[in-house]
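Colleague: This is my_file.txt, which holds compact mmCIF, C-alpha atoms:
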# COMPACT_ATOMS: atom_id res chain seq x y z
CA MET A 1 -16.45 121.26 45.94
CA LYS A 2 -14.50 118.17 46.91
CA LEU A 3 -17.72 116.39 47.96
CA LYS A 4 -19.28 117.29 44.64
CA ASN A 5 -16.33 115.87 42.69
CA ASN A 6 -16.39 112.64 44.72
CA PHE A 7 -20.13 112.32 44.17
CA SER A 8 -19.64 112.88 40.44
CA LYS A 9 -16.93 110.20 40.31
CA ARG A 10 -19.17 107.73 42.12
CA ILE A 11 -22.05 108.41 39.70
CA THR A 12 -19.69 107.87 36.75
CA SER A 13 -18.40 104.61 38.23
CA VAL A 14 -21.90 103.34 38.93
CA THR A 15 -23.02 104.27 35.42
CA PHE A 16 -20.05 102.41 33.92
CA ILE A 17 -20.79 99.31 36.03
CA LEU A 18 -24.46 99.39 35.01
CA ILE A 19 -23.57 99.67 31.32
CA LEU A 20 -21.04 96.85 31.63
CA PHE A 21 -23.52 94.65 33.49
CA SER A 22 -26.20 95.43 30.91
CA THR A 23 -23.84 94.48 28.06
CA ILE A 24 -22.83 91.22 29.73
CA THR A 25 -26.45 90.37 30.53
CA TYR A 26 -27.51 91.03 26.94
CA ALA A 27 -24.71 88.86 25.55
CA GLN A 28 -25.79 86.08 27.89
CA ASN A 29 -29.40 86.37 26.65
CA LEU A 30 -28.35 86.47 22.99
CA HIS A 31 -28.51 83.03 21.40
CA SER A 32 -25.10 81.68 20.42
CA ARG A 33 -26.24 79.12 17.85
CA TRP A 34 -26.35 80.49 14.30
CA ASP A 35 -29.59 78.63 13.57
CA GLU A 36 -31.33 79.99 16.69
CA LEU A 37 -30.54 83.66 16.10
CA VAL A 38 -33.10 85.97 14.49
CA ALA A 39 -32.04 88.27 11.67
CA SER A 40 -32.71 91.41 13.69
CA ASP A 41 -30.10 90.27 16.24
CA TRP A 42 -27.41 89.49 13.65
CA GLN A 43 -25.43 92.70 14.00
CA LYS A 44 -25.63 92.46 17.78
CA ALA A 45 -24.26 88.91 17.57
CA LEU A 46 -21.40 90.11 15.36
CA ASP A 47 -20.57 92.90 17.79
CA SER A 48 -20.83 90.71 20.91
CA SER A 49 -18.66 88.02 19.37
CA SER A 50 -16.06 90.43 17.93
CA SER A 51 -17.01 88.88 14.57
CA THR A 52 -16.00 85.41 15.83
CA CYS A 53 -17.71 82.21 14.71
CA ILE A 54 -17.08 78.68 15.95
CA LEU A 55 -17.21 75.90 13.35
CA PRO A 56 -17.71 72.63 15.28
CA ILE A 57 -16.48 69.68 13.21
CA GLY A 58 -17.21 66.07 14.09
CA ILE A 59 -17.97 62.95 12.07
CA LEU A 60 -20.52 60.16 11.73
CA GLU A 61 -18.84 56.83 12.51
CA LYS A 62 -19.08 53.75 14.67
CA HIS A 63 -17.90 54.23 18.24
CA GLY A 64 -17.41 50.69 19.45
CA PRO A 65 -20.50 48.59 20.20
CA HIS A 66 -21.72 50.95 22.92
CA ALA A 67 -21.40 54.65 22.04
CA PRO A 68 -23.49 56.73 19.58
CA ILE A 69 -22.56 57.23 15.92
CA GLY A 70 -22.45 60.99 16.46
CA SER A 71 -20.20 60.95 19.54
CA ASP A 72 -17.76 63.43 18.01
CA LEU A 73 -20.58 65.81 17.16
CA ILE A 74 -21.91 65.59 20.70
CA HIS A 75 -18.51 66.60 22.05
CA VAL A 76 -17.99 69.68 19.88
CA ARG A 77 -21.63 70.71 20.24
CA GLU A 78 -21.42 70.63 24.04
CA TRP A 79 -17.99 72.28 24.22
CA ALA A 80 -19.24 75.18 22.13
CA ALA A 81 -22.57 75.51 23.93
CA ARG A 82 -20.98 75.56 27.38
CA ALA A 83 -18.00 77.75 26.49
CA THR A 84 -20.09 80.44 24.79
CA LYS A 85 -22.18 80.89 27.91
CA LYS A 86 -19.06 82.39 29.48
CA GLU A 87 -17.33 83.83 26.40
CA TYR A 88 -19.78 84.74 23.66
CA ALA A 89 -19.27 83.66 20.05
CA VAL A 90 -21.65 82.51 17.34
CA VAL A 91 -21.71 78.74 16.78
CA PHE A 92 -22.27 77.37 13.27
CA PRO A 93 -24.59 74.32 13.03
CA ASP A 94 -22.98 70.90 13.54
CA TYR A 95 -20.63 70.03 10.67
CA PHE A 96 -19.92 66.33 10.07
CA TYR A 97 -18.10 66.34 6.72
CA GLY A 98 -14.61 65.13 7.59
CA GLN A 99 -12.06 62.41 6.89
CA ILE A 100 -13.37 58.96 7.82
CA PHE A 101 -12.44 56.59 4.99
CA GLU A 102 -10.92 54.10 7.44
CA ALA A 103 -14.38 53.31 8.85
CA ARG A 104 -16.32 52.80 5.62
CA HIS A 105 -16.67 49.09 6.40
CA GLN A 106 -18.74 49.92 9.49
CA PRO A 107 -22.46 50.84 9.64
CA GLY A 108 -23.38 54.49 10.08
CA THR A 109 -20.20 55.91 8.53
CA PHE A 110 -20.68 58.97 6.33
CA ALA A 111 -17.63 59.53 4.11
CA LEU A 112 -17.68 62.05 1.26
CA PRO A 113 -15.11 62.14 -1.61
CA SER A 114 -11.79 63.72 -0.57
CA LYS A 115 -11.90 66.52 -3.14
CA LEU A 116 -15.38 67.48 -2.01
CA LEU A 117 -14.30 67.63 1.64
CA LEU A 118 -11.84 70.45 0.99
CA GLU A 119 -14.15 72.30 -1.39
CA LEU A 120 -17.05 72.09 1.06
CA LEU A 121 -14.96 73.28 4.01
CA ASP A 122 -13.53 76.15 1.98
CA ALA A 123 -16.98 77.18 0.73
CA THR A 124 -18.41 76.94 4.24
CA CYS A 125 -15.75 79.24 5.70
CA ALA A 126 -16.16 81.70 2.82
CA GLU A 127 -19.92 81.79 3.40
CA ILE A 128 -19.47 82.27 7.14
CA ALA A 129 -17.18 85.20 6.33
CA ARG A 130 -19.68 86.65 3.83
CA ASN A 131 -22.10 86.90 6.75
CA GLY A 132 -19.72 89.22 8.58
CA PHE A 133 -17.37 86.96 10.54
CA LYS A 134 -13.67 87.76 10.31
CA LYS A 135 -12.50 85.06 12.74
CA ILE A 136 -13.51 81.41 12.26
CA VAL A 137 -12.54 78.99 15.02
CA ILE A 138 -12.58 75.30 14.11
CA ILE A 139 -13.10 72.96 17.04
CA ASN A 140 -12.73 69.29 16.23
CA GLY A 141 -13.99 66.15 17.95
CA HIS A 142 -12.69 63.49 15.53
CA GLY A 143 -9.21 61.94 15.69
CA GLY A 144 -9.05 61.47 11.91
CA ASN A 145 -9.54 65.18 11.13
CA PRO A 146 -6.49 67.14 12.41
CA GLU A 147 -4.27 66.46 9.38
CA LEU A 148 -7.10 67.53 7.04
CA ILE A 149 -7.81 70.66 9.08
CA ARG A 150 -4.16 71.71 9.33
CA PHE A 151 -3.70 71.27 5.57
CA PHE A 152 -6.89 73.25 4.95
CA ILE A 153 -5.75 76.09 7.20
CA GLN A 154 -2.30 76.16 5.60
CA SER A 155 -3.99 76.36 2.19
CA GLN A 156 -5.64 79.61 3.27
CA LEU A 157 -2.43 81.31 2.14
CA GLU A 158 -3.06 80.18 -1.44
CA LYS A 159 -5.13 83.29 -2.21
CA ARG A 160 -6.23 86.46 -0.44
CA ARG A 161 -9.01 86.12 2.09
CA ASN A 162 -10.60 88.76 4.29
CA TYR A 163 -10.92 86.41 7.26
CA ALA A 164 -8.70 84.16 9.36
CA VAL A 165 -9.24 80.52 10.33
CA TYR A 166 -8.01 79.26 13.70
CA PHE A 167 -7.75 75.64 14.89
CA PHE A 168 -8.46 75.11 18.58
CA GLU A 169 -6.20 72.46 20.16
CA PRO A 170 -6.66 72.10 23.96
CA ASP A 171 -3.51 72.39 26.03
CA GLN A 172 -2.42 69.52 28.26
CA ASP A 173 -0.09 70.83 30.90
CA ALA A 174 1.86 68.67 33.36
CA GLU A 175 -0.74 69.05 36.12
CA TYR A 176 -3.54 67.92 33.80
CA LYS A 177 -1.55 64.93 32.52
CA ALA A 178 -0.68 63.84 36.06
CA LYS A 179 -4.32 63.97 37.19
CA LEU A 180 -5.46 62.17 34.04
CA LYS A 181 -2.94 59.39 34.63
CA GLN A 182 -4.10 59.07 38.23
CA MET A 183 -7.78 58.76 37.25
CA HIS A 184 -7.24 56.55 34.19
CA ARG A 185 -7.92 52.83 34.72
CA SER A 186 -6.93 51.21 31.41
CA SER A 187 -3.81 51.64 29.25
CA GLN A 188 -3.55 55.26 28.15
CA GLU A 189 -1.44 54.34 25.14
CA ASP A 190 -4.15 52.07 23.70
CA ASP A 191 -7.04 54.37 24.61
CA GLN A 192 -7.70 55.98 21.21
CA HIS A 193 -11.28 55.53 19.99
CA ALA A 194 -14.47 54.79 21.97
CA GLY A 195 -12.25 53.66 24.83
CA GLU A 196 -12.14 54.77 28.44
CA ARG A 197 -11.60 58.51 27.85
CA GLU A 198 -14.17 59.00 25.11
CA THR A 199 -16.79 56.82 26.76
CA SER A 200 -16.21 58.68 30.04
CA THR A 201 -16.87 62.07 28.45
CA LEU A 202 -20.08 60.72 26.93
CA LEU A 203 -21.15 59.39 30.33
CA TYR A 204 -20.76 62.97 31.55
CA LEU A 205 -22.41 64.70 28.57
CA ARG A 206 -25.04 62.24 27.31
CA PRO A 207 -25.26 59.12 29.52
CA ASP A 208 -28.67 58.36 28.02
CA LEU A 209 -27.00 57.46 24.70
CA VAL A 210 -24.31 55.11 26.05
CA LYS A 211 -24.96 51.37 26.35
CA MET A 212 -22.36 50.34 28.90
CA ASP A 213 -23.61 46.75 28.98
CA SER A 214 -22.42 46.41 25.36
CA ALA A 215 -18.96 47.93 25.84
CA ALA A 216 -17.25 44.53 26.24
CA ASN A 217 -19.06 42.84 23.34
CA GLU A 218 -16.16 43.54 20.96
CA SER A 219 -12.42 43.77 21.37
CA GLY A 220 -10.78 47.17 21.32
CA LEU A 221 -7.27 45.72 21.60
CA ASN A 222 -4.55 46.39 19.03
CA GLN A 223 -4.49 43.38 16.68
CA LYS A 224 -0.99 44.27 15.35
CA ARG A 225 -1.63 42.64 11.98
CA LEU A 226 0.83 44.83 10.07
CA ASP A 227 4.39 45.65 11.10
CA ILE A 228 6.51 47.64 8.63
CA PRO A 229 8.98 49.86 10.52
CA ASN A 230 9.38 53.56 9.64
CA VAL A 231 6.50 53.49 7.16
CA TYR A 232 3.01 55.02 7.10
CA THR A 233 0.28 53.31 5.09
CA ALA A 234 -3.44 54.00 4.70
CA ILE A 235 -4.49 50.59 6.01
CA TRP A 236 -2.66 50.91 9.34
CA TRP A 237 -5.76 51.70 11.40
CA TYR A 238 -7.81 48.85 9.95
CA ALA A 239 -4.87 46.49 10.43
CA ASP A 240 -4.65 47.36 14.13
CA TYR A 241 -8.32 47.96 14.95
CA PRO A 242 -10.64 46.17 12.49
CA ASN A 243 -13.59 46.66 14.85
CA HIS A 244 -13.07 50.44 14.72
CA TYR A 245 -12.73 50.36 18.48
CA ALA A 246 -9.49 51.15 20.30
CA GLY A 247 -9.46 50.94 24.08
CA VAL A 248 -11.57 49.59 26.91
CA GLY A 249 -14.85 51.44 27.06
CA ALA A 250 -16.04 49.28 29.93
CA GLN A 251 -13.52 51.03 32.22
CA ALA A 252 -15.13 54.44 31.70
CA SER A 253 -16.39 56.64 34.54
CA ARG A 254 -18.42 59.83 34.69
CA GLU A 255 -15.83 61.39 37.01
CA LEU A 256 -13.07 61.03 34.42
CA GLY A 257 -15.42 62.39 31.77
CA GLU A 258 -16.19 65.48 33.82
CA PHE A 259 -12.50 66.14 34.46
CA ILE A 260 -11.57 65.89 30.74
CA THR A 261 -14.59 67.84 29.50
CA GLU A 262 -14.35 70.75 31.91
CA HIS A 263 -10.64 71.11 31.17
CA THR A 264 -11.39 71.23 27.43
CA ILE A 265 -14.16 73.80 27.89
CA GLN A 266 -11.94 76.04 30.02
CA SER A 267 -9.21 75.79 27.39
CA LEU A 268 -11.74 76.81 24.73
CA ILE A 269 -12.88 79.80 26.78
CA THR A 270 -9.25 80.92 27.10
CA ALA A 271 -8.72 80.49 23.36
CA LEU A 272 -11.90 82.41 22.49
CA LYS A 273 -10.87 85.36 24.66
CA ALA A 274 -7.48 85.50 22.94
CA ILE A 275 -8.96 85.15 19.43
CA LYS A 276 -11.59 87.83 20.02
CA ALA A 277 -8.86 90.20 21.20
CA ASP A 278 -6.48 89.26 18.36
CA ASN A 279 -5.76 92.13 15.97
CA LYS A 280 -2.54 90.77 14.49
CA THR A 281 -3.45 87.64 12.50
CA LEU A 282 -5.46 89.43 9.80
CA LYS A 283 -2.87 92.22 9.53
CA LEU A 284 -0.09 89.68 9.07
CA GLN A 285 -2.16 87.76 6.51
CA ASN A 286 -2.70 90.94 4.50
CA GLU A 287 0.98 91.77 4.75
CA PHE A 288 1.78 88.29 3.42
CA TYR A 289 -0.72 88.60 0.57
CA ASP A 290 0.74 91.99 -0.40
CA ARG A 291 4.27 90.62 -0.48
CA THR A 292 3.32 87.63 -2.64
CA LYS A 293 2.12 90.09 -5.33
CA GLN A 294 5.46 91.92 -5.50
Show this structure as structure tokens.

Modeller:
Amino acid sequence: MKLKNNFSKRITSVTFILILFSTITYAQNLHSRWDELVASDWQKALDSSSSTCILPIGILEKHGPHAPIGSDLIHVREWAARATKKEYAVVFPDYFYGQIFEARHQPGTFALPSKLLLELLDATCAEIARNGFKKIVIINGHGGNPELIRFFIQSQLEKRRNYAVYFFEPDQDAEYKAKLKQMHRSSQEDDQHAGERETSTLLYLRPDLVKMDSAANESGLNQKRLDIPNVYTAIWWYADYPNHYAGVGAQASRELGEFITEHTIQSLITALKAIKADNKTLKLQNEFYDRTKQ
């Protein structure tokens, strides 16, 4: 009798492992990109993702004289593609409608009216939700977008919604910062746009698109043409960096790019796991909406 019970337990365990392996294997074979899924797999994608969709936001803008116009899109596209191989979620097609007015004087910049930006982002999230997704994760590759995204997310409380929007912001712990400082060659403080860090990540992700021999053709140094203490003004970026280039791209290395990128992807995987398991955000939102009607 004891042998029979042990045998039965082993069969149950093996069956469970096989089912789990089958589920994981299927999720790995299921396309993550929204535009590559077939309609018959839609419900399976919703189930495998726990109704979670990634909205990758970048921008179209000049990246110094050496990096591609769509650098920010390349970053979010690759983060999402690589992270969802390990933690499944559906990835919305590349979205490049963000805040980039400060670069309108440069070729390749695509800047839509400010009112339209918010309306388009709101309509996009609502349409993603209409297709069954209850959790929308914005990942951003453009330094000029965070303020817009945070305001947009805060405005979600304006009216009742049956979905939640999350903003992924990679953590930078002490160990990461120390290693980054050790590997960094140029000034970290001045390395803001198309400089060493960003060029390095592109050398890791898409080296075929980077023209390193052009990286020193323009200055990425802070010109410091405007100095008004304790004041923020719209022209500050242009005053400091008229070439829309901040840093020293020529100092970039693939090794630094790999370190930064893999850390970001791992952070995204961690965030996706937490978001997929989250059952509190929507409940709290509904509680809030109910109380605002009282």

Colleague: What gap, in Å, lies between CA of Asn243 (chain A) and CA of Gln223 (chain A)?

Modeller: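 Pair CA of Asn243 (chain A) / CA of Gln223 (chain A) returns 9.8 Å.
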
Colleague: What are the nearest atom pairs, with distances in Å to one decimal, for all residues of region 84-197 of chain A that come at most 6 Å from region 44-56 of chain A, using all atoms listed in the file, set out by chain and rising residue number as a Markdown table?

Modeller:
| residue | atom | partner | partner_atom | distance |
| --- | --- | --- | --- | --- |
| A:Tyr88 | CA | A:Ser49 | CA | 5.5 |
| A:Ala89 | CA | A:Ser49 | CA | 4.5 |
| A:Val90 | CA | A:Cys53 | CA | 4.7 |
| A:Val91 | CA | A:Ile54 | CA | 4.7 |
| A:Phe92 | CA | A:Leu55 | CA | 5.3 |
| A:Asp94 | CA | A:Pro56 | CA | 5.8 |
| A:Phe133 | CA | A:Ser51 | CA | 4.5 |
| A:Lys134 | CA | A:Ser51 | CA | 5.5 |
| A:Lys135 | CA | A:Thr52 | CA | 4.7 |
| A:Ile136 | CA | A:Cys53 | CA | 4.9 |
| A:Val137 | CA | A:Ile54 | CA | 4.6 |
| A:Ile138 | CA | A:Leu55 | CA | 4.7 |
| A:Ile139 | CA | A:Pro56 | CA | 4.9 |

Colleague: Fewer than 3 positions away in the same chain doesn't count, so skip those; otherwise give me all residues within 12 Å of Tyr238 (chain A), counting only C-alpha atoms, as a CSV table (one decimal) with C-alpha atoms, in the coordinates of the input.

Modeller:
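Result saved to selection29.csv:
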chain,number,residue,atom,x,y,z
A,100,ILE,CA,-13.4,59.0,7.8
A,101,PHE,CA,-12.4,56.6,5.0
A,102,GLU,CA,-10.9,54.1,7.4
A,103,ALA,CA,-14.4,53.3,8.8
A,104,ARG,CA,-16.3,52.8,5.6
A,105,HIS,CA,-16.7,49.1,6.4
A,106,GLN,CA,-18.7,49.9,9.5
A,220,GLY,CA,-10.8,47.2,21.3
A,222,ASN,CA,-4.6,46.4,19.0
A,223,GLN,CA,-4.5,43.4,16.7
A,224,LYS,CA,-1.0,44.3,15.4
A,225,ARG,CA,-1.6,42.6,12.0
A,226,LEU,CA,0.8,44.8,10.1
A,233,THR,CA,0.3,53.3,5.1
A,234,ALA,CA,-3.4,54.0,4.7
A,235,ILE,CA,-4.5,50.6,6.0
A,241,TYR,CA,-8.3,48.0,15.0
A,242,PRO,CA,-10.6,46.2,12.5
A,243,ASN,CA,-13.6,46.7,14.8
A,244,HIS,CA,-13.1,50.4,14.7
A,245,TYR,CA,-12.7,50.4,18.5
A,246,ALA,CA,-9.5,51.2,20.3

Colleague: Region 134-187 of chain A near region 250-256 of chain A within 12 Å: what's each residue's closest atom pair and its distance in Å to one decimal, counting only C-alpha atoms, ordered by chain then ascending residue number, as a tab-separated table?

Modeller:
residue	atom	partner	partner_atom	distance
A:Tyr176	CA	A:Leu256	CA	11.8
A:Lys179	CA	A:Leu256	CA	9.6
A:Leu180	CA	A:Leu256	CA	7.7
A:Lys181	CA	A:Leu256	CA	10.3
A:Gln182	CA	A:Leu256	CA	9.9
A:Met183	CA	A:Leu256	CA	6.4
A:His184	CA	A:Leu256	CA	7.4
A:Arg185	CA	A:Gln251	CA	6.4
A:Ser186	CA	A:Gln251	CA	6.6
A:Ser187	CA	A:Gln251	CA	10.2

Colleague: Smallest atom-to-atom distance to Gly108 (chain A): which of A:Met212, A:Glu61, A:Leu205, A:Asn279, using only C-alpha atoms?

Modeller: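 Residue with the minimum atom-to-atom distance to Gly108 (chain A): A:Glu61.
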
Colleague: One number please: CA of Arg206 (chain A) to CA of Leu73 (chain A), in Å, one decimal.

Modeller: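 Separation between CA of Arg206 (chain A) and CA of Leu73 (chain A): 11.6 Å.
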
Colleague: I'd like the contact shell of region 259-261 of chain A - 8 Å cut-off, only C-alpha atoms, skipping same-chain residues fewer than 5 positions apart - returned as a ChimeraX atom specification.

Modeller: /A:79,180,197,201

Colleague: Which residue is closest to Leu116 (chain A)? Choose from A:Gly98, A:Ala239, A:Phe167, A:Glu262 and count only C-alpha atoms.

Modeller: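 Among the listed residues, A:Gly98 lies closest to Leu116 (chain A).
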
Colleague: Here's a test: counting all atoms listed in the file, identify every protein, DNA and RNA residue with an atom at most 12 Å from (-9.4, 64.7, 8.9) in the file's coordinate frame, and state them as JSON, numbers by chain.

Modeller: {"A": [57, 58, 59, 96, 97, 98, 99, 100, 101, 102, 111, 112, 114, 117, 118, 121, 140, 141, 142, 143, 144, 145, 146, 147, 148, 149, 150, 151, 152]}

Colleague: List every protein, DNA or RNA residue with an atom no more than 9 Å from (-12.5, 82.8, 24.0) in the file's coordinates, counting only C-alpha atoms, and format the result as an MDAnalysis selection string.

Modeller: chainID A and resid 83:84 86:89 267:277

Colleague: With distances taken over all atoms listed in the file, which of A:Thr109, A:Ser219, A:Thr281, A:Gln294 is nearest to His66 (chain A)?

Modeller: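 For His66 (chain A), the nearest of the candidates is A:Ser219.
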
Colleague: May I ask for the distance between CA of Val248 (chain A) and CA of Pro68 (chain A), given in Å to one decimal place?

Modeller: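 So the answer is 15.7 Å.
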
Colleague: Rank A:Gly249, A:Pro93, A:Gly195, A:Gly257 by their smallest atom-to-atom distance to Asp213 (chain A), using all atoms listed in the file, and report the top residue only.

Modeller: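 Counting all atoms listed in the file, the residue closest to Asp213 (chain A) is A:Gly249.
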
Colleague: Nearest to Asp290 (chain A) among A:Leu203, A:Ala81, A:Ala174, A:Leu157, with distances taken over only C-alpha atoms: which residue is it?

Modeller: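 The shortest atom-to-atom distance to Asp290 (chain A) comes from A:Leu157.
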